[in-house]
Amino acid sequence: MDLSAINWLTLLASLMVAATPILLAGIGELVVEKSGVLNLGVEGMMITGAICGFAAAYNTQSAFVGFAAAAAGGAALSMIFGLMTQVLMSNQVATGLALTLFGLGFSALLGQSYIGIKGIEVSAVPLGPLADIPVLGPVLFQHDAVVYVAIALVASVWAFLKFTRAGLTLRAVGENHDAAHALGYKVVLIRLAAIGFGGACAGLGGAYLSLVRVPQWTEGMTAGAGWIALALVVFASWRPWRVLIGAYLFGGITVLQLNLQAAGAKIPVEYLSMSPYVITIIVLVVMSSGRGRAALAAPAALGRVFHKSG
Amino acid sequence: MSPLFSANGLTKAYPGVIANEDVSFEIGTGEIHALLGENGAGKSTLVKTIYGLVKPDSGEMTLNGAPFAPPEPRAARSAGVAMVFQHFSLFEALDVAENVALGMENPPKPRALAQRISEVSAAYGLPLDPHRTVGDLSAGERQRVEIIRCLLQDPRLLIMDEPTSVLTPQEVDTLFATLNRLKSEGTSILYISHKLEEIRALCDAATILRRGKVVGRCDPRESSARELAEMMVGTALHRPERDITPPGAPVLEVMNLTLPPASAFGTALKDVSLTVRSGEVFGIGGVAGNGQDELMAALSGERRTDHAAICLDGAGIGALPPRDRRALGICSAPEERLGHAAAPDMSLTQNAMLTGAERRELTRGGFLNWGKSREFAEEVIERFDVRTPGPEEAARALSGGNLQKFVVGREILQSPRVLIVNQPTWGVDAAAAAAIRQALLDLAAGGAAVLVISQDLDELMEIATSFAALNAGRLSEPHPMTELSLDDIGLMLGGMGAETGETAA
């Protein structure tokens, strides 16, 4: 193995790109879980976003339209989940899993005529002199807009949850839906809004894969990124900035293992490929074993069905 | 003087039950108005209607002379109606200020709000730190959060749903002082409770509900508690009778029991010693959080102790698990009905099996005999007048009082040698409480040793033969109940010994 073959600057730069899909999906799921809903359908919403985004962008040759379509597609799929769990009060875990399976199949159906087509070019944001700074420039300032949008989204979610009345209401609903209802807050509506936001974010994350990272459409191309995003929320103890840190950590591992493969590491490729998922499992085990610390940070009403009575 | 609030012919029906039927009453300005009734009499539905959580099928309300029909709590709040809930509507992971803000229509900026909370809480003698997390607060402090939340909105009508059920006597005094002060400032209060003495001490008028209908109005200051209770229940109330029998031989002994707390928020038991004799009702009083749960866990076997620290008939049992203790005749009913004493989503038959399997021999060769369990559940339901459609009903579906009767009855019918109960009548209406207390006395009269842990002093004074107080994990010296005055008990609760020699005279 020749470690010197790895270009560490490129690696750091591609880390931000690799992290963006799970960052987007993760921050969306964080909002959903903060409202007390556990949506395990992130993977399904991501891949639906990936194909919606790819198809729309290809047909209009506009990246913006592509991302908008991806967000709409993810949100639309999440509304199926919202209808099932919030209105019909189905079990959230089962519905979420079904949503993932449905999304995988549905996206394959939609994407049949797009297989093998080269996607459109998404250019970097011209940041002028910033992009020319040595070292920092290529790592931080030569990316496309979505990378920065994702970071801005983390900041907005953090500020929203911490400083706004609506954010406080959302946390309250996730903490104790019965009390929130008794105070006159519309639990179901608030949760539907959160679910929709989560779906749109997951859709964006998926489209980032099919429009920027890869960029083309293949079936099942999210390859478990949705599950990593779910783990990310737990890893982050439901705090927005930690989602960012976690996403870069996982992004780093993903990029590193690719680079190690390219550098001809003497480890079978399969082990390298599975490393992000293994790390996900290890992180979850460690977080959950720490005498319920992760459980303490979790919204108290997470995953519980709200039944309006009286 | 025209009334501040009036209800006229309010009716609300749910499938199969009429919660309120033609309910009319008035609340004057600056009046503390009691709403009395047993569990299930329709009090909750009525106050939810006033607060905009429930829409009445017919009937109307007025507030300040104007028609009042709040479509949602928000509208009620902005009209000047505030409510302190029975089960606190608080968010444990949020801090005090955030909780207060959630209950207000237009909360000021966080910093200004925190200051207002400090000011108002100091002004009303309810000290509260706006930045503490609610999950760390005691029950009394949590109630303060709710009250402050209401007060910050300058309500004209304050609804309090069973506010004292979780409070210590001292906290009740503080609460009453606050309420009287609000009254003097012209705020009307609708006070819901079934603690009759409280209502007589505090309220200016009372409306009594039974099965959804108004069955009486009175001035509680001029009626006796007995009259009120009989109006509420509809029949003459049976007061527990106590035969003073000399206690027999010691049955349950605890010697120098010391136990570290189970969790970071728990209380350590320090050097607790007590003896419960056959035929005796041993009452343990104390403010919540002074080690009651820990003592209960140690005695029931949920937590193991030094084998010799707890003895039954002189033999150590401290290291035995609950099942083995049940087999020896030590039955227990913990405080929390749903989730601890009973599994909420399981039927009464299944719940009967859970603790009755050993002593009632509901199993054979490791297989469950559901038929026998069902018979046992039916026996409990019949003997303890548990009002439920049948033994297949889920525990969750029973009202608090009925489930409590079931939980206590289930233990008593196992004919225990020692029965340990924690808060046997918490949140239970007068009739059911009287029935449970009578059953405990009957059990003791039959020769069992009964240990009652309770925060309700009236209850302990009514049924206990001996009394000791828990304070910060230490148990006071026990005294015969008849020799204690209320002052003595207060001192014991505060951690000081009672000077029985002087007061017994």
# chains A, B, ... in the order shown; residues from 1 in each chain; ligands from 1

$ residues_around --residues "Tyr14 (chain B)" --least-positions-apart "5" --cutoff "12 Å" --atoms "only C-alpha atoms" --output "PDB file with C-alpha atoms, in the first residue's frame"
ATOM      1  CA  SER A 309     -58.988  12.022  23.647  1.00  0.00           C
ATOM      2  CA  GLY A 310     -61.389  14.287  25.422  1.00  0.00           C
TER       3      GLY A 310
ATOM      4  CA  ALA B  19     -70.519  12.952  30.872  1.00  0.00           C
ATOM      5  CA  ASN B  20     -72.462  16.136  31.611  1.00  0.00           C
ATOM      6  CA  GLU B  21     -76.214  16.511  31.606  1.00  0.00           C
ATOM      7  CA  GLY B  42     -68.097  14.523  35.012  1.00  0.00           C
ATOM      8  CA  THR B  45     -65.334  17.024  31.169  1.00  0.00           C
ATOM      9  CA  VAL B  54     -64.210  19.884  24.761  1.00  0.00           C
ATOM     10  CA  LYS B  55     -67.156  21.273  22.823  1.00  0.00           C
ATOM     11  CA  PRO B  56     -70.487  20.816  24.598  1.00  0.00           C
ATOM     12  CA  ASP B  57     -73.358  19.231  22.662  1.00  0.00           C
ATOM     13  CA  GLY B 212     -72.912  14.113  35.181  1.00  0.00           C
TER      14      GLY B 212
END

$ select_by_dssp --residues "region 100-193 of chain B" --states "helix (DSSP H, G or I)" --output "ChimeraX atom specification"
/B:100-102,110-123,134-136,139-151,169-184

$ residues_around --residues "Gly285 (chain B)" --least-positions-apart "6" --cutoff "8 Å" --atoms "only C-alpha atoms" --output "PyMOL selection string"
chain B and resi 453-457+460+467-470+493

$ write_last_selection --atoms "N, CA and C atoms" --output "CSV table (one decimal), in the first residue's frame"
chain,number,residue,atom,x,y,z
B,453,ILE,N,-47.7,3.0,54.0
B,453,ILE,CA,-46.9,4.2,53.7
B,453,ILE,C,-47.8,5.2,53.0
B,454,SER,N,-47.9,6.4,53.6
B,454,SER,CA,-48.9,7.3,53.0
B,454,SER,C,-48.4,8.8,53.2
B,455,GLN,N,-48.8,9.6,52.3
B,455,GLN,CA,-48.5,11.1,52.5
B,455,GLN,C,-49.8,11.8,53.0
B,456,ASP,N,-50.9,11.0,53.1
B,456,ASP,CA,-52.1,11.6,53.5
B,456,ASP,C,-52.3,11.4,55.0
B,457,LEU,N,-52.0,12.4,55.8
B,457,LEU,CA,-52.0,12.3,57.2
B,457,LEU,C,-53.4,11.9,57.8
B,460,LEU,N,-53.7,8.3,57.7
B,460,LEU,CA,-53.0,7.6,58.7
B,460,LEU,C,-53.6,7.7,60.1
B,467,PHE,N,-47.4,5.0,64.5
B,467,PHE,CA,-47.0,6.0,63.5
B,467,PHE,C,-45.6,6.3,63.6
B,468,ALA,N,-44.9,6.3,62.5
B,468,ALA,CA,-43.5,6.8,62.4
B,468,ALA,C,-43.4,7.6,61.2
B,469,ALA,N,-42.4,8.5,61.1
B,469,ALA,CA,-42.2,9.4,60.0
B,469,ALA,C,-40.9,9.2,59.3
B,470,LEU,N,-40.9,9.2,58.0
B,470,LEU,CA,-39.7,9.1,57.2
B,470,LEU,C,-39.2,10.5,56.9
B,493,LEU,N,-42.5,14.7,61.1
B,493,LEU,CA,-42.2,14.8,59.7
B,493,LEU,C,-41.1,15.7,59.3

$ interface_residues --of "chain A" --to "chain B" --cutoff "9 Å" --atoms "only C-alpha atoms" --output "PyMOL selection string"
chain A and resi 163+165+168-169+171-173+175-176+178-185+296-297+299-300+310

$ residues_around --residues "Val283 (chain A)" --least-positions-apart "6" --cutoff "10 Å" --atoms "only C-alpha atoms" --output "PDB file with N, CA and C atoms, in the first residue's frame"
ATOM      1  N   ALA A 231     -28.673   6.770  12.129  1.00  0.00           N
ATOM      2  CA  ALA A 231     -27.712   6.544  13.206  1.00  0.00           C
ATOM      3  C   ALA A 231     -27.066   7.860  13.632  1.00  0.00           C
ATOM      4  N   LEU A 232     -26.891   8.716  12.639  1.00  0.00           N
ATOM      5  CA  LEU A 232     -26.265  10.011  12.877  1.00  0.00           C
ATOM      6  C   LEU A 232     -27.054  10.830  13.919  1.00  0.00           C
ATOM      7  N   VAL A 234     -28.903   9.747  16.348  1.00  0.00           N
ATOM      8  CA  VAL A 234     -28.663   9.216  17.690  1.00  0.00           C
ATOM      9  C   VAL A 234     -27.253   9.598  18.141  1.00  0.00           C
ATOM     10  N   PHE A 235     -26.311   9.412  17.236  1.00  0.00           N
ATOM     11  CA  PHE A 235     -24.917   9.762  17.535  1.00  0.00           C
ATOM     12  C   PHE A 235     -24.829  11.214  17.978  1.00  0.00           C
ATOM     13  N   TYR A 277     -20.436   1.281   7.745  1.00  0.00           N
ATOM     14  CA  TYR A 277     -21.595   0.674   8.400  1.00  0.00           C
ATOM     15  C   TYR A 277     -21.190   0.042   9.724  1.00  0.00           C
ATOM     16  N   SER A 289     -24.876   2.310  25.296  1.00  0.00           N
ATOM     17  CA  SER A 289     -24.471   1.594  26.500  1.00  0.00           C
ATOM     18  C   SER A 289     -24.123   2.540  27.635  1.00  0.00           C
TER      19      SER A 289
END
